Structure formats: structure tokens, C-alpha cells
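*Asks:* Could you have a look at this structure, given as C-alpha cells, before my questions?
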Amino acid sequence: MFDKNLIDLSVMSTEQIDKIIRKAKKIMQSPADYRHACDGKILATLFYEPSTRTQMSFQTAMLKLGGRTIGFDNPMNSSVSKGESLKDTITIVGEYADIIAIRHPVEGTAAAASLYAGVPVINCGDGGHLHPTQTLADIITLSCEKGRLDNLRVGVCGDLLNGRTVHSLIKTLAKYPNNSFVLISTKELSVPLYVIDILEKNGCKYEISHSLADAITDLDVLYMTRIQRERFASEEDYQAQKNVFVLDKEKLDKAREDMIILHPLPRVNEITVDIDDDPRALYFKQAQYGMYGRMALILLLLQDDEFFVENRPFVVSNHHCNNPKCITQQEPYLPNLSYEKLGMVMCGYCDKRID
Amino acid sequence: MFDKNLIDLSVMSTEQIDKIIRKAKKIMQSPADYRHACDGKILATLFYEPSTRTQMSFQTAMLKLGGRTIGFDNPMNSSVSKGESLKDTITIVGEYADIIAIRHPVEGTAAAASLYAGVPVINCGDGGHLHPTQTLADIITLSCEKGRLDNLRVGVCGDLLNGRTVHSLIKTLAKYPNNSFVLISTKELSVPLYVIDILEKNGCKYEISHSLADAITDLDVLYMTRIQRERFASEEDYQAQKNVFVLDKEKLDKAREDMIILHPLPRVNEITVDIDDDPRALYFKQAQYGMYGRMALILLLLQDDEFFVENRPFVVSNHHCNNPKCITQQEPYLPNLSYEKLGMVMCGYCDKRID
Amino acid sequence: MFDKNLIDLSVMSTEQIDKIIRKAKKIMQSPADYRHACDGKILATLFYEPSTRTQMSFQTAMLKLGGRTIGFDNPMNSSVSKGESLKDTITIVGEYADIIAIRHPVEGTAAAASLYAGVPVINCGDGGHLHPTQTLADIITLSCEKGRLDNLRVGVCGDLLNGRTVHSLIKTLAKYPNNSFVLISTKELSVPLYVIDILEKNGCKYEISHSLADAITDLDVLYMTRIQRERFASEEDYQAQKNVFVLDKEKLDKAREDMIILHPLPRVNEITVDIDDDPRALYFKQAQYGMYGRMALILLLLQDDEFFVENRPFVVSNHHCNNPKCITQQEPYLPNLSYEKLGMVMCGYCDKRID
């Protein structure tokens, strides 16, 4: 597998992550120096499901580097609607473009695409699985606004069960020393056990809280996410709790002056609009940091021969992944890639257990 | 409110309008001088409803200035479909782009967007309310082809009740001395009374006509618009009148040699195709003038510190607008902006009377 | 009719075709020399039906020449949905762009567009009629990979009745000396008689085969196309024959070492995936050649005053084309263009017999 891809941030070392952050900061300091860095290069944004903000962020990043973009934002307008395989589409686009940013509703698609592209592939979201450039945006924001990625007390609030951005952020911050977490959610929406395992293996302190108002008082960072109404166990639960996890002025008044508020966006109503002008509210600025992170990533993947992404030692196995949401279910020609973890065999695309 | 927007042409002084026209003419004379005027700048075209021609006109304008574009042409492909507020979308896009061109089916949306963008916003059409760059195209055409914006006898024909481009053109030309108007329509589709008020307040002569064939004989300009079949009071009315407001060779034969024909496009059948090659038919050239007008506007908004758009003195009031088509009905966090006019309180977004 | 269009490759002389091929090869050899060849120029890609690959190929071609692109990929997002005529849309786009690439589901649309564009028009597919830049991709591949366009023994396999790319390839290769063809298909999907006529008129040898396994043994080129299940006469026929026209490892083992495999793509299952890594499988590289062909074509149409496309001697006739799939059925203002061929009167748009 080509080693110039960003499929999964969790396989990267902190040195690699820090390299991206340093590059992003250099670009922020003097963007004019990078206005022609990618002259003549083409980014393809292949969005098999719409995500305007992520797509515009990548397009802007490439344009600000002097490059250009091609792509689509709608599967129905693509050759997919004629029954073309992912392999064929990616192989052809790899002939046209110098780098590919792909979003797809099916888990493992970016990894599968990287087998055939011949150029770097960036995962812009593969179903509920991974969205590494969102996490990149999060940690660049932390690095710029808090000045560090360690010794942080981070509250994560909302749907901790299904929120892939939360899992990815926790996994990444757990690599840095002395971060601690307050996990704020309903019981039904607690973090999955495997995330707790990661915290414990890395020696991270963590607390569980069912009240944002209580937890907010002593945080460096509050990371908010959306809870969808249908996630509550019952209508009564929803009515009883709907406001408990909404950040409003009253709760924010209890927070420290230097706490910062992040959110992966889109927001619905989990942060009230009257907070937007508070200097601690950084969720819009976070999107701008994300754009600089994408600029750094594109530059490093295209130009830095020493920047590569470590990969797990995949093997071709006999076992086919059974996860019905895995790309291997749709694209039968894909090799059965797997790797071992704690004695288990895991799918090389969707990271679910195979055997 | 940021003063580098074009939301409504009618609040601009004739000096400001003339400045745009002069700039457009300079660009037409030597387009090569402007090929790098917006190098490194990004225009976002946010089209919440499709309008290929307007969007392509803006994209072409920006590309010919050396800039680049991002954007979308379909609400279903945007984050809107995830329930994101206009404020959040615009705030983020304002972080990516240097200038925003927005089209939206709801009245007042461009004004609302300008509150949050942080960069200049251009209104490309907000429902049935305003479409100022169309009027800009119209008056640049008049200035270039007739050599003046005053002392014109202008026939406007078609659906004068619902045609926002006609209202806007009349309001703008009424600011210049000694223009007169022939209002050619069915009784049912006459101009609204408020337009008559503007004409009278500005001392403009006007006549009302129900026959294009009669009115056409003594005009400097004929501005045609589409009448939709469903606008007629009954099928009998439609059958009786459908041809009365169609410009064909026979009627055109009665017009002066130096009369020019404009149309905002798209045309359906209100101008017969056999007229297209007549030298007086300028509706296609008008679209090209519009593109130069958009180039001038982008340049002035981005680069001319002394170019700004006067605004009405808005106040934040207690009254919420009741117009069901106003953006304030959809986006509840918007402040209640209003202004006074002739003793009435008007909505700062949709310009409808509030109290 | 403007003579700087590519509507139909079959009216071009071999000298003109060779000129395009030579230019494409020069670009391949030193692409950097052409990075600013189209600076400041705009290509409009008007795709009235989606075809991601073709559209991305044209966009990439223009971007690699330093030009820029505007356009749409969806009829529902275009002014077409407001009832605008092709003439009006094309006239306006011709004011914005320097060259137009158009794809449309209706036959003859590119020819019709070329009447009004005022700038060069390239046919990117007009219904089942023509797709000349695909054929251009095919013959550039042959020229580069086989070193010649004559003395080739070419197998064409699949749906030879409906495959416009096959017909166009045969017509083009028939102009070069001493090419011979093996026509491999079911009886029901044999080439139309008019193609046989062309072969015979040009003195080309040809054979008919119903077995890919038999025919493959002595070919310079195998051109595969898709057979759709519904093309078979009955379900029994399909079950009996479905594998006969699939290229797999077993059949490929019988082919010569220097045979090359082409396919216009998208592929469904007529070539098994395990062949993709065989050095003879050139269908992905063919797409890259196509991109270079499009670069050459854009360059020649925009910059080479001596490059023009010969046209048939059209006359305006009294006969209206009756082909229900012809653009003249939808756009009533189009002049009745026709030409004579073998004593018959043919439609100037869709090339079907009129009288």
C-alpha cells in the first residue's frame, strides 16, 4: 500500500502529527509564501455524499496553494450511476489528478481507494468510521489556542457513543502526556468500551459525568457534539434531558475564562446562538484552522519526500470481512486485507474484527 | 452592518452607480490590464437555488480577474440539508472566501448573510425581492449603447406586477433626470402602486399602454419581460391577449431604427426568434455587459477603499417581520432590523412594512 | 457554420487527425511547455447529462494548459429547467467562454450548438449518435502503443449493433491503409449494414466471429465493449452466451504477447479484474491518452489558425428531419440543414436519412 495517504490519524506518530501542525503554523504566519507552492497541481475532490463544508475547505486549501481542483459532489452525477467499480473510477482519476480527497458513505472506502490511486489519497470521511482531517482541525486549534497538546483537561459532551470525531480526538490526545478527560453524556450515549480501554492503556485519567453544568467548571477545553433526538431511549428521557447537554450562557458562566469551546459542526441547537460572540467560542475559527491543516497536509503529501504515513503491517488473508457496512461487501475484487491486534484479526479497511 | 456589500441597488447614489459603470467600461476597453487584478482571491458562489447563467456570469467575471471560485449550485448538496443555520454556513464560508455571491429563494437572505460574512456579500437574487446585478447589467447596456442614462423614453412590457427586474430598473432610472416610461401590460399585470409613487415623487413622466404595437413607435428602449400563462385572469383572456405582448417582426417594423431591445432572460416566447439577428436586439449582448458589470463590482468591493455602499440607518426594533416569505421567519436568531420610511416601519431584510 | 468545431471525427481528413495526434505526442513529451498555453482562456463544460469521466477529462485538460473552466453537470440545475432554448443558452455561454464542450442526450445537439456559439464547440457525446473525442483517445492509444494506424488487425467485441464508439473507430481506421477487422458478437448484435458498406467501400478486409476465444489468437488490437443483459434475444440466449464475450485470463492466454486491449469504459464485467495488471491491458492508460488528445484539440481549436475542420456542404432544405431523437424535434427554430449522400438527403444534425 502506497505510504503517502492519510486514511487514519490514529496510526500516525506524534512526530508526524507535530510535523503537520508545524507546517500549518508556518502557512498561517506567511500565507503569501505558499501562494504558488502547488502551481500546476490538481486536487480531485470525489464526494460520493455531499459535505459542502469539507469539500469547500479542501478546494480553498488547494486554491490558496496555487493548485486547481476537479471533482464531483453528487454520486448520481458520477459514473457510479453506470455501475462502475470504485477501482476503475479511482484508477482513472489517479491519471488526471495529483492528489485525491475522497468522501464516501461506506466504511473503508478511502483505504480501498488508496490501493488503486497511484497518487496520495486523503480520507474525508468514510461512513461512521473515520474523518481524520476533522481531528487534525481539532488538534491544530488546541495547539494554537492553548499552546500545547498535553496537560489538558478536556470535556467531551453529547453523543459519545456514535460520534466518530470524539473517538478520534480522544485516541489522538491519549498519545500526548498527561491529558485527562471528562466524558459528559447520558448513560445510553456513553463512550464505547474500546475507547475506555485506550484511555486506560495510555494511563489517561478520566471521569464520567451526566451534567454539563457540573462538569464545565474546571475544563481547559469543552468539545461539544450534537445529540440527535432519536438517540434518547424514550420521549420522556428526551424531554427530561434535552436541555442538560445544551451549552447556554448560564452554564458557560460557570466555566473558566480560558476554557475554549470546540465543535466539529454542523451545529443544530446544542450551543445557543447567544454564545457565538463569547471569546471562548472557537468553533468557527476551528474551521479556519482546519483549512490550514488541509493546506499543510496537501503540501506534505505532495512535496515532502520524508513525510510518509506509517501503516499497519497488513496481510492478505483468507477471511472476508463480515461487516455489512464495509466497502468489501460492495466491491468484491478487493483483496482481503487484515492485521492483528491484541490477538484478534481486524479488517484492513473498516477496522472491525473479522474472525 | 458591513458597508462593502451590494444588497440593494436602490440605496446607492448615482455617483456610486456611475463609478461601477466607469470601471466596467475601463475593463471592457482593456481586459488584459485586469487579468491579474484578483490573483489569489476567492469568490464563493452560494446558490441555494439553481441559476446557471447568473452563477456562470459571476464565475467568469472572477476568473477573468485572475481569481478563483468555490461554491455550490444545489441546496440538497449543501450542509443546509443537515439543518445548519444560514449564520453558521455564511460564517464559515467567510473564513474561506474573500467575497461571497449568494442566491436564495427567500426574501432578505443576502442582507441576513451580510451580517455574518465578514467579507463583501453580493445579492444574486433573494426570492421575488431584489436582483441588483441584473439591473446593473441593464443600465451598463443603456450607458454603452445609448450613451446616457437620462433623457430616455423607456417602454417596459410584460408582467409589470411581478417582475422584480422591471421595478428595480424603473427605480434606478428614476434617479436620473428626465427619463420617461411607457408601462405596457394587461390591466391585471400593471405595475404596483408603490412604483407609480416613485415615478411621481421623482417627477418622471409615464404613460400606461395595453398595446405593444401602439407603444413601440416612439421608444428609445424596449425592455421586454416574460408573461406566464398562469398570470392571466382566465383562459379566455390568455387566448385573446397572448400575442399582444409578444415582440415579433411586424411590431418591430414600427419601432425606431435606434431603439434597443433588452430582456433579462431567460426568454420563453415573448420575443420571436427571427428578431435575434436584428441589430436592435441587444439581449444577448446585455448578458455580456452584465459580466463586465460583475467584474467591476467585484473589483470595487475588494480593492477600492473609497467605494462603499450607503445603507439605510437600521435600528434593532421589537417588531418581528410578519412577511411569511422573509428570511426572519426561517432563521429565528436574526435581530429585528428595521428602518423608517414615510412614517412606516419597514423590515431591514425584506423591505416589507412591519407595523 | 463555423469551421472551428469538432462535431464528427468522420468528416476529418487523415491529415487533420494526424495533426491532432502529433500535437498530443508533443504535449506528452514536455507537458511543462504547455502549462501556460491557454492562460486567461475559459472552457465551458455544458453537460446536460452526467458523465463524470469525460467532464473531468476535459477539465483536467484545460487546467493543465493553464486555462480555467466553468459549466454544469446536471440539467436540473441549469436554466434549461426554466424552459430556455438551446440557442439562448449557447449564445450566452459563448459570450463568457472561449471554447465549449457539450454533452447532451439528444442527437445532433452539438451541431446545433455550433450554429450559435461564436466560439469552438466540441461534441462530448450527443445521445447514441457521436462521441468523437472517445475515438480520438482510441487512435492516439493505437498510434503511441502500436506505432501506427495502418496494417492493424483489430478485433472489436461486444455489442457491435449499438456501440457508437465501435462504429466511429471502424470508420476512422478504415481511412488508413490495410487495416482489417474481426467483428466478434452475437448474431443479434452484429454491426449495422452501413458499417459493412464503409468497410467494403474502403477495401478493408473483415471477418465475422461468434467466439472471442477463437478470434483472439491473431489480433494486434482487441477493442472490448459492454453487452447489456437486455440486449440478448432471450434469457436462455443470455445464459448460454454470457461468458462467450467476456475477456478472462483463459482467453487472454491465447492472445499474442503484443496484442493490446482497449475499452472505452465504463467497464462492467466484460473484462475480468484479474487481467488489469497484464501489460497488454491498456484501457486505463487509454483514458490518459484521451486527456492528452483533448489538450491537443483545445490547443488547435483555440490557437492554430490553419487547423480547421472540414464540413459537409450543408444546404437549407424544406425537409424537416423526422428522427424523433433528433434535436430538431425539440428546438423548432433550427434551420433545416441537410446534405446529400449517395443520392439520399441526410439530416445535417443527426445524420439520419430525411426523405
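Letters for chains follow the order of the C-alpha cells (A, B, ...), residue numbers begin at 1 for each chain, and ligand numbers begin at 1 in the order shown.
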Applying 6 Å and only C-alpha atoms, which residues near range 281-285 of chain C remain after dropping the ones on its own chain fewer than 6 positions away? List them as a list in words.
*Replies:* Ile261, Leu262 and His263 of chain C
*Asks:* As a list in words, please: the residues near range 209-217 of chain B (cut-off 8 Å, only C-alpha atoms, same-chain neighbours under 4 positions excluded).
*Replies:*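 Once the nearby chain positions are removed, what remains is Gly155, Cys157, Val182, Leu183, Ile184, Ser185, Thr186, Lys187, Leu222, Val244, Phe245, Val246, Leu247, Lys251, Leu252, Lys254, Ala255 and Arg256 of chain B.
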*Asks:* Would you give me, as a VMD selection string, the residues of chain C that come within 12 Å of chain B, using only C-alpha atoms?
*Replies:* chain C and resid 39 to 46 66 to 98 116 to 117 331 to 335
*Asks:* Can you tell me how far CA of Val154 in chain A sits from CA of Thr135 in chain A, in Å to one decimal?
*Replies:*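 Going from CA of Val154 in chain A over to CA of Thr135 in chain A covers 14.2 Å.
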*Asks:* Could you pull the residues within 8 Å of Ala296 in chain C, counting only C-alpha atoms, minus those fewer than 4 positions along the same chain, as a list in words?
*Replies:*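 Counting only the stated atoms, we get Ile20, Ile21, Lys23, Ala24, Ile27, Tyr292 and Leu300 of chain C.
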*Asks:* Tell me, which residues of range 180-308 of chain A carry DSSP helix (DSSP H, G or I), written as a ChimeraX atom specification?
*Replies:* /A:193-201,212-218,229-231,235-241,249-252,273-275,283-303
*Asks:* Using DSSP secondary structure from the backbone, list all strand (DSSP E or B) positions within range 52-263 of chain B, as a PyMOL selection string.
*Replies:* chain B and resi 68-72+99-104+107+121-126+153-157+180-184+205-209+221-224+247+260-262
*Asks:* Record the distance separating CA of Asn202 in chain C and CA of Met346 in chain C, expressed in Å with one decimal.
*Replies:*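 Straight-line distance from CA of Asn202 in chain C to CA of Met346 in chain C works out to 20.9 Å.
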*Asks:* Would you work out the distance separating CA of Lys205 in chain C from CA of Asp18 in chain C, expressed in Å to one decimal?
*Replies:*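 CA of Asp18 in chain C lies 23.0 Å from CA of Lys205 in chain C.
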*Asks:* Using only C-alpha atoms, which of the listed residues (A:Ile170, A:Cys144, A:Thr14, A:Met62) sits closest to Ala37 in chain A?
*Replies:*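 Comparing A:Ile170, A:Cys144, A:Thr14, A:Met62 against Ala37 in chain A, the winner is A:Met62.
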*Asks:* Have a look at C:Thr172, C:Thr225, C:Ser180, C:Asn162 and name the one nearest to Pro192 in chain C; count only C-alpha atoms.
*Replies:*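 For Pro192 in chain C, the nearest of the given residues is C:Asn162.
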*Asks:* Could you list, as number ranges by chain, every residue within 10 Å of Glu200 in chain A, counting only C-alpha atoms and ignoring same-chain residues fewer than 6 positions away?
*Replies:* A: 174, 194, 206
*Asks:* How would the residues just chosen look if you wrote them out with all heavy atoms as an mmCIF file, in the first residue's frame?
*Replies:*
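What landed in part39.cif:
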data_model
loop_
_atom_site.group_PDB
_atom_site.id
_atom_site.type_symbol
_atom_site.label_atom_id
_atom_site.label_comp_id
_atom_site.auth_asym_id
_atom_site.auth_seq_id
_atom_site.Cartn_x
_atom_site.Cartn_y
_atom_site.Cartn_z
ATOM 1 N N ALA A 174 -4.736 10.988 23.588
ATOM 2 C CA ALA A 174 -4.213 9.999 24.533
ATOM 3 C C ALA A 174 -2.743 9.689 24.284
ATOM 4 O O ALA A 174 -2.049 9.156 25.149
ATOM 5 C CB ALA A 174 -5.051 8.715 24.448
ATOM 6 N N TYR A 194 -14.231 0.267 23.959
ATOM 7 C CA TYR A 194 -12.882 0.249 23.390
ATOM 8 C C TYR A 194 -12.182 1.598 23.579
ATOM 9 O O TYR A 194 -10.959 1.655 23.683
ATOM 10 C CB TYR A 194 -12.906 -0.183 21.923
ATOM 11 C CG TYR A 194 -13.090 0.930 20.926
ATOM 12 C CD1 TYR A 194 -11.982 1.553 20.333
ATOM 13 C CD2 TYR A 194 -14.362 1.364 20.565
ATOM 14 C CE1 TYR A 194 -12.149 2.577 19.418
ATOM 15 C CE2 TYR A 194 -14.526 2.381 19.658
ATOM 16 C CZ TYR A 194 -13.425 2.983 19.075
ATOM 17 O OH TYR A 194 -13.580 3.987 18.173
ATOM 18 N N TYR A 206 -9.728 9.783 33.624
ATOM 19 C CA TYR A 206 -10.999 10.198 33.038
ATOM 20 C C TYR A 206 -12.088 10.127 34.093
ATOM 21 O O TYR A 206 -11.993 9.358 35.050
ATOM 22 C CB TYR A 206 -11.371 9.360 31.820
ATOM 23 C CG TYR A 206 -11.654 7.915 32.123
ATOM 24 C CD1 TYR A 206 -12.953 7.487 32.392
ATOM 25 C CD2 TYR A 206 -10.623 6.977 32.129
ATOM 26 C CE1 TYR A 206 -13.217 6.155 32.667
ATOM 27 C CE2 TYR A 206 -10.875 5.641 32.424
ATOM 28 C CZ TYR A 206 -12.175 5.246 32.690
ATOM 29 O OH TYR A 206 -12.414 3.933 32.972
#
*Asks:* I need the residue nearest Leu142 in chain B from this list: B:Asn243, B:Ile227, B:Ile260, B:Tyr48. Use only C-alpha atoms for the distance.
*Replies:*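 Once distances to Leu142 in chain B are computed over only C-alpha atoms, the minimum belongs to B:Ile260.
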*Asks:* So that I can see what lies close to Asp351 in chain B, please list as a list of chain:residue names the residues with an atom at most 9 Å from it, counting only C-alpha atoms and leaving out residues fewer than 3 positions away in the same chain.
*Replies:*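 So, after excluding close chain neighbours, the residues are B:Glu107, B:Gly108, B:His129, B:Ser338, B:Tyr339, B:Met346, B:Cys347, B:Gly348, B:Ile354.
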*Asks:* Neighbours of Ser168 in chain A within 8 Å (only C-alpha atoms; same-chain residues fewer than 4 positions away dropped), as a compact mmCIF listing (two decimals) with C-alpha atoms, in the first residue's frame?
*Replies:*
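Everything below was put into around_11.txt:
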# COMPACT_ATOMS: atom_id res chain seq x y z
CA LEU A 9 -4.83 9.60 12.00
CA SER A 10 -4.51 7.04 14.79
CA LEU A 130 -13.05 7.85 10.28
CA PRO A 132 -9.06 12.29 10.19
CA THR A 135 -9.36 15.65 14.14
CA ARG A 164 -16.57 9.39 15.42
CA THR A 172 -5.11 11.22 19.36
